[in-house]
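Structure file entry26.cif (mmCIF, C-alpha atoms and all ligand atoms) follows.
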data_run
#
loop_
_atom_site.label_atom_id
_atom_site.label_comp_id
_atom_site.auth_asym_id
_atom_site.auth_seq_id
_atom_site.Cartn_x
_atom_site.Cartn_y
_atom_site.Cartn_z
CA MET A 1 0.00 0.00 0.00
CA ASN A 2 2.74 2.44 0.94
CA ASP A 3 4.37 1.99 -2.47
CA CYS A 4 1.20 2.83 -4.40
CA LYS A 5 1.29 6.05 -6.37
CA LEU A 6 -1.44 5.94 -8.98
CA TYR A 7 -4.97 4.92 -8.02
CA VAL A 8 -7.53 4.41 -10.76
CA ILE A 9 -11.23 4.05 -10.01
CA THR A 10 -13.74 2.50 -12.39
CA GLY A 11 -16.28 4.76 -14.08
CA GLU A 12 -18.17 2.82 -16.68
CA ASN A 13 -20.24 5.86 -17.72
CA TYR A 14 -17.07 7.12 -19.39
CA HIS A 15 -16.29 3.93 -21.32
CA ARG A 16 -18.23 4.59 -24.54
CA GLY A 17 -18.91 0.91 -25.10
CA ARG A 18 -15.55 -0.47 -24.07
CA GLU A 19 -15.36 -3.41 -21.69
CA LEU A 20 -14.61 -2.77 -18.00
CA LEU A 21 -11.78 -5.29 -17.92
CA ASP A 22 -10.14 -3.97 -21.10
CA VAL A 23 -10.13 -0.38 -19.83
CA MET A 24 -8.80 -1.35 -16.41
CA GLU A 25 -6.16 -3.66 -17.85
CA ALA A 26 -4.90 -0.79 -20.03
CA ALA A 27 -4.80 1.49 -16.97
CA ILE A 28 -2.79 -1.06 -15.01
CA ARG A 29 -0.39 -1.69 -17.88
CA GLY A 30 0.14 2.08 -18.04
CA GLY A 31 1.07 2.25 -14.36
CA ALA A 32 -1.99 2.20 -12.11
CA ASP A 33 -0.91 0.23 -9.05
CA ILE A 34 -4.17 0.29 -7.09
CA VAL A 35 -7.63 -0.10 -8.60
CA GLN A 36 -11.07 0.47 -7.12
CA LEU A 37 -14.44 -0.86 -8.22
CA ARG A 38 -16.93 2.00 -7.82
CA ASP A 39 -20.37 1.36 -9.26
CA LYS A 40 -23.34 3.06 -7.65
CA ASP A 41 -25.84 1.56 -10.14
CA ALA A 42 -25.10 -2.17 -10.11
CA ALA A 43 -27.30 -4.57 -8.14
CA PRO A 44 -25.39 -6.64 -5.52
CA ALA A 45 -25.09 -9.77 -7.71
CA GLU A 46 -23.71 -7.76 -10.64
CA LEU A 47 -21.35 -5.87 -8.36
CA LEU A 48 -20.01 -9.13 -6.95
CA GLU A 49 -19.49 -10.49 -10.46
CA LYS A 50 -17.52 -7.38 -11.45
CA ALA A 51 -15.54 -7.51 -8.21
CA ARG A 52 -14.54 -11.13 -8.83
CA ALA A 53 -13.48 -10.37 -12.41
CA LEU A 54 -11.41 -7.36 -11.31
CA ARG A 55 -9.92 -9.39 -8.46
CA GLU A 56 -8.75 -11.97 -10.99
CA LEU A 57 -7.30 -9.27 -13.28
CA THR A 58 -5.54 -7.34 -10.53
CA ARG A 59 -4.09 -10.52 -9.01
CA ARG A 60 -2.76 -11.61 -12.40
CA LEU A 61 -1.18 -8.17 -12.96
CA GLY A 62 0.05 -7.78 -9.38
CA VAL A 63 -1.79 -4.64 -8.25
CA LEU A 64 -4.07 -3.90 -5.31
CA PHE A 65 -7.85 -4.14 -5.58
CA ILE A 66 -10.33 -2.16 -3.47
CA VAL A 67 -14.14 -2.23 -3.43
CA ASN A 68 -16.05 1.01 -2.85
CA ASP A 69 -18.85 1.16 -0.26
CA HIS A 70 -19.35 -2.59 0.35
CA PRO A 71 -17.14 -4.41 2.87
CA GLY A 72 -19.20 -7.57 2.38
CA ILE A 73 -18.46 -7.62 -1.36
CA ALA A 74 -14.81 -6.83 -0.62
CA LEU A 75 -14.67 -9.95 1.54
CA GLU A 76 -16.63 -12.16 -0.83
CA SER A 77 -14.43 -11.21 -3.78
CA ASP A 78 -11.23 -11.48 -1.69
CA ALA A 79 -10.40 -7.83 -2.45
CA ASP A 80 -7.43 -6.20 -0.73
CA GLY A 81 -9.73 -3.74 0.98
CA VAL A 82 -12.67 -1.38 1.05
CA HIS A 83 -13.09 2.34 0.44
CA LEU A 84 -15.56 4.27 2.56
CA GLY A 85 -17.22 7.66 2.29
CA GLN A 86 -17.95 9.91 5.24
CA ASP A 87 -21.54 8.62 5.28
CA ASP A 88 -20.70 4.93 5.02
CA LEU A 89 -20.13 2.65 7.96
CA PRO A 90 -17.45 3.78 10.46
CA ILE A 91 -13.81 2.78 9.90
CA GLU A 92 -13.80 0.73 13.11
CA ASP A 93 -16.77 -1.37 11.89
CA ALA A 94 -15.17 -1.98 8.49
CA ARG A 95 -11.93 -2.96 10.22
CA ARG A 96 -13.80 -5.40 12.44
CA MET A 97 -15.38 -6.99 9.36
CA LEU A 98 -12.22 -7.08 7.23
CA GLY A 99 -9.60 -7.86 9.88
CA PRO A 100 -6.21 -6.26 10.42
CA GLU A 101 -4.61 -7.30 7.12
CA ARG A 102 -7.00 -5.76 4.63
CA ILE A 103 -6.96 -2.10 3.64
CA VAL A 104 -9.56 0.38 4.86
CA GLY A 105 -9.50 3.75 3.08
CA ILE A 106 -11.79 6.76 3.39
CA SER A 107 -12.64 9.93 1.48
CA THR A 108 -12.00 13.18 3.33
CA HIS A 109 -12.96 16.75 2.52
CA SER A 110 -11.40 18.65 5.42
CA ILE A 111 -8.41 18.44 7.75
CA ALA A 112 -10.74 17.53 10.64
CA GLN A 113 -11.97 14.50 8.68
CA ALA A 114 -8.40 13.57 7.77
CA ARG A 115 -7.29 13.70 11.41
CA ALA A 116 -10.29 11.61 12.47
CA ALA A 117 -9.54 9.02 9.76
CA GLU A 118 -5.92 8.70 10.82
CA LYS A 119 -6.93 8.39 14.46
CA ALA A 120 -9.54 5.73 13.67
CA GLY A 121 -6.91 3.59 11.95
CA ALA A 122 -7.54 4.18 8.25
CA ASP A 123 -4.79 2.85 5.98
CA TYR A 124 -5.08 5.77 3.56
CA ILE A 125 -7.23 8.81 2.85
CA GLY A 126 -8.60 10.35 -0.31
CA VAL A 127 -8.32 14.15 -0.37
CA GLY A 128 -10.77 15.87 -2.64
CA PRO A 129 -12.39 16.74 -4.90
CA VAL A 130 -9.37 18.95 -5.54
CA PHE A 131 -11.10 20.43 -8.61
CA PRO A 132 -14.81 20.44 -9.52
CA THR A 133 -15.68 17.18 -11.28
CA GLY A 134 -18.63 15.73 -13.11
CA THR A 135 -17.84 12.35 -11.53
CA LYS A 136 -18.96 13.71 -8.16
CA PRO A 137 -21.36 16.52 -9.00
CA GLY A 138 -22.56 18.85 -6.26
CA ARG A 139 -19.51 18.36 -4.08
CA ALA A 140 -17.52 21.58 -3.56
CA ALA A 141 -13.87 21.55 -4.58
CA VAL A 142 -11.45 21.49 -1.65
CA THR A 143 -8.69 23.11 -3.78
CA THR A 144 -4.96 22.48 -3.51
CA ALA A 145 -5.02 24.38 -0.19
CA TYR A 146 -6.48 21.31 1.53
CA VAL A 147 -4.01 19.05 -0.29
CA ALA A 148 -1.16 21.14 1.12
CA GLU A 149 -2.66 21.17 4.62
CA ALA A 150 -3.19 17.40 4.67
CA ALA A 151 0.18 16.60 3.08
CA ALA A 152 1.95 18.65 5.76
CA GLU A 153 0.27 16.91 8.67
CA ILE A 154 -1.18 13.50 7.83
CA ARG A 155 1.22 10.56 8.05
CA ILE A 156 -0.82 7.79 6.38
CA PRO A 157 -0.81 7.67 2.55
CA LEU A 158 -2.90 10.37 0.95
CA PHE A 159 -4.34 10.25 -2.57
CA ALA A 160 -5.40 13.54 -4.14
CA ILE A 161 -8.58 13.04 -6.19
CA GLY A 162 -11.12 14.99 -8.17
CA GLY A 163 -10.75 16.51 -11.63
CA ILE A 164 -7.09 15.53 -11.85
CA HIS A 165 -5.60 15.04 -15.34
CA PRO A 166 -2.16 15.43 -16.94
CA GLY A 167 -2.76 19.17 -17.47
CA ASN A 168 -3.19 19.99 -13.77
CA ALA A 169 -1.39 17.12 -12.03
CA ASP A 170 1.84 19.09 -11.54
CA GLU A 171 -0.06 21.73 -9.53
CA VAL A 172 -1.44 19.03 -7.22
CA LEU A 173 1.98 17.41 -6.80
CA ALA A 174 3.54 20.80 -6.08
CA ALA A 175 0.99 21.27 -3.27
CA GLY A 176 2.47 18.19 -1.61
CA ALA A 177 0.54 15.18 -2.92
CA LYS A 178 2.79 12.20 -3.60
CA ARG A 179 -0.05 10.03 -4.85
CA LEU A 180 -2.80 10.73 -7.35
CA CYS A 181 -6.18 9.19 -8.07
CA ALA A 182 -8.31 9.60 -11.19
CA VAL A 183 -11.46 8.35 -12.82
CA SER A 184 -12.55 10.24 -15.96
CA ALA A 185 -9.11 11.38 -17.12
CA VAL A 186 -8.04 7.74 -17.34
CA VAL A 187 -11.12 5.64 -18.09
CA GLY A 188 -12.67 8.29 -20.36
CA SER A 189 -9.53 8.51 -22.45
CA PRO A 190 -9.23 6.61 -25.73
CA ASP A 191 -5.79 5.58 -24.42
CA PRO A 192 -5.98 4.89 -20.64
CA ALA A 193 -2.47 3.43 -20.59
CA ALA A 194 -0.96 6.60 -22.05
CA VAL A 195 -2.72 8.81 -19.48
CA CYS A 196 -1.49 6.57 -16.66
CA ARG A 197 2.06 6.66 -18.01
CA ASP A 198 1.87 10.45 -18.17
CA LEU A 199 0.53 10.81 -14.60
CA ARG A 200 3.09 8.36 -13.25
CA GLU A 201 5.94 10.17 -14.95
CA ARG A 202 4.81 13.43 -13.38
CA ILE A 203 4.66 11.82 -9.93
CA GLU A 204 8.13 10.34 -10.36
CA ARG A 205 9.57 13.55 -11.79
CA ARG A 206 8.33 15.46 -8.72
CA TRP A 207 9.00 12.88 -6.01
CA GLY A 208 11.42 10.33 -7.47
CA GLY A 209 10.75 6.76 -8.46
CA GLY A 210 11.09 5.07 -5.03
N1 LIG B 301 -14.25 11.32 -4.67
C1 LIG B 301 -13.84 12.59 -4.61
S1 LIG B 301 -13.75 13.26 -6.17
C2 LIG B 301 -14.25 11.82 -6.89
C3 LIG B 301 -14.48 10.87 -5.92
C4 LIG B 301 -14.94 9.51 -6.17
C5 LIG B 301 -14.44 11.66 -8.35
C6 LIG B 301 -13.15 11.69 -9.08
O1 LIG B 301 -13.38 11.50 -10.45
P1 LIG B 301 -12.61 12.30 -11.57
O2 LIG B 301 -13.32 11.87 -12.83
O3 LIG B 301 -11.19 11.83 -11.55
O4 LIG B 301 -12.76 13.74 -11.27
MG MG B 302 -19.31 5.44 -0.30
#

Show the structure stored in the file as structure tokens.
Amino acid sequence: MNDCKLYVITGENYHRGRELLDVMEAAIRGGADIVQLRDKDAAPAELLEKARALRELTRRLGVLFIVNDHPGIALESDADGVHLGQDDLPIEDARRMLGPERIVGISTHSIAQARAAEKAGADYIGVGPVFPTGTKPGRAAVTTAYVAEAAAEIRIPLFAIGGIHPGNADEVLAAGAKRLCAVSAVVGSPDPAAVCRDLRERIERRWGGG
């Protein structure tokens, strides 16, 4: 987990007919090293089917796999962990369900939420949306000011997220983020691997390859 730098989340609305596994495989081959299944529309059986398929892909390619919102599906698909929102079940409950080895991550939108997440034993936090984004409409942008604040204080891994693409990634990295997360810029691109290579290169140029 600590080595992960580029987190890509599924967003099938952006696929324009392409298959979930093809898009995510391209992203991983381009340099995504942690992948999340996020699907607010799928019924539980369909979600589990997608989770199992992505588990198989990510295991074969050697990257981490996280399920959004559903610790039960994370367990059933043998995912590496679960990602929670502020309104999902508490970190402590997810930890109790998943055990000490699996990853529990949480979205944060303020330094108070970031502190609480770290204190409650989260393995990583999301920090965002840094920029306004159609993937999460109606949620105010936290700006790079919150990225800088969190990067200066929070010791667990932090992924900046929200409206991030190759054209603004350097600004986010300069604010202190060492890890980036994206949906539309990657999965909405005709060439997800190229976008991931670009984002990874920017991360490594700013922070080194280690
Ligand atoms: N959480 C904060 S912003 C966001 C989520 C899930 C959406 C990020 O999507 P995009 O397309 O990279 O802006
Ligand atoms: Mg959620």

Checklist entry - Which residue out of A:Lys136, A:Arg155, A:Lys5, A:Arg202 has the minimum interatomic distance to Cys181 of chain A when only C-alpha atoms are used? => result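 Among A:Lys136, A:Arg155, A:Lys5, A:Arg202, it is A:Lys5 that comes nearest to Cys181 of chain A.
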
Item to check | For atom CA of Asp123 of chain A and atom CA of Arg197 of chain A, the interatomic separation in Å (one decimal) | outcome: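 Atom CA of Arg197 of chain A lies at a distance of 25.2 Å from atom CA of Asp123 of chain A.
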
Next on the checklist: One number please: atom CA of Ala43 of chain A to atom CA of Pro129 of chain A, in Å, one decimal.
Outcome noted: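 So the two atoms, atom CA of Ala43 of chain A and atom CA of Pro129 of chain A, lie 26.2 Å apart.
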
Which protein, DNA or RNA residues have an atom within 7 Å of ligand LIG 301 (chain B), counting all atoms listed in the file, as a PDB file with C-alpha atoms, keeping the file's coordinate frame?
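Everything below was put into part19.pdb:
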ATOM      1  CA  SER A 107     -12.640   9.930   1.480  1.00  0.00           C
ATOM      2  CA  GLY A 128     -10.770  15.870  -2.640  1.00  0.00           C
ATOM      3  CA  PRO A 129     -12.390  16.740  -4.900  1.00  0.00           C
ATOM      4  CA  THR A 133     -15.680  17.180 -11.280  1.00  0.00           C
ATOM      5  CA  GLY A 134     -18.630  15.730 -13.110  1.00  0.00           C
ATOM      6  CA  THR A 135     -17.840  12.350 -11.530  1.00  0.00           C
ATOM      7  CA  LYS A 136     -18.960  13.710  -8.160  1.00  0.00           C
ATOM      8  CA  ILE A 161      -8.580  13.040  -6.190  1.00  0.00           C
ATOM      9  CA  GLY A 162     -11.120  14.990  -8.170  1.00  0.00           C
ATOM     10  CA  GLY A 163     -10.750  16.510 -11.630  1.00  0.00           C
ATOM     11  CA  ILE A 164      -7.090  15.530 -11.850  1.00  0.00           C
ATOM     12  CA  CYS A 181      -6.180   9.190  -8.070  1.00  0.00           C
ATOM     13  CA  ALA A 182      -8.310   9.600 -11.190  1.00  0.00           C
ATOM     14  CA  VAL A 183     -11.460   8.350 -12.820  1.00  0.00           C
ATOM     15  CA  SER A 184     -12.550  10.240 -15.960  1.00  0.00           C
ATOM     16  CA  ALA A 185      -9.110  11.380 -17.120  1.00  0.00           C
TER      17      ALA A 185
END

The centre and edge lengths of an axis-aligned box containing all atoms of segment 196-200 of chain A present in the file, extended by 8 Å on each side, are to be given in Å to one decimal, as AutoDock Vina command-line options.
--center_x 0.8 --center_y 8.7 --center_z -15.7 --size_x 20.6 --size_y 20.2 --size_z 20.9

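With only C-alpha atoms as the atoms that count, the residue of A:Glu92, A:Asp198, A:Asp33, A:Asp87 with the shortest distance to Thr108 of chain A is A:Asp87.
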
Item to check | Of the listed residues A:Asp39, A:Glu171, A:Asp191, A:Glu118, that which approaches ligand MG 302 (chain B) most closely, counting only C-alpha atoms and all ligand atoms | outcome: A:Asp39

Item to check | Between atom CA of Lys119 of chain A and atom CA of Asp78 of chain A, distance in Å (one decimal) | outcome: 26.0 Å

Next on the checklist: Give me the residues near Pro157 of chain A as a ChimeraX atom specification, where near means some atom within 7 Å (using all atoms listed in the file) and where sequence neighbours in that chain fewer than 3 positions away do not count.
Outcome noted: /A:2,124-125

Next on the checklist: Calculated over all atoms listed in the file, which of the candidates A:Leu84, A:Met97, A:Leu57, A:Ile34 has the smallest distance to ligand MG 302 (chain B)?
Outcome noted: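 When distances to ligand MG 302 (chain B) are compared using all atoms listed in the file, the smallest one comes from A:Leu84.
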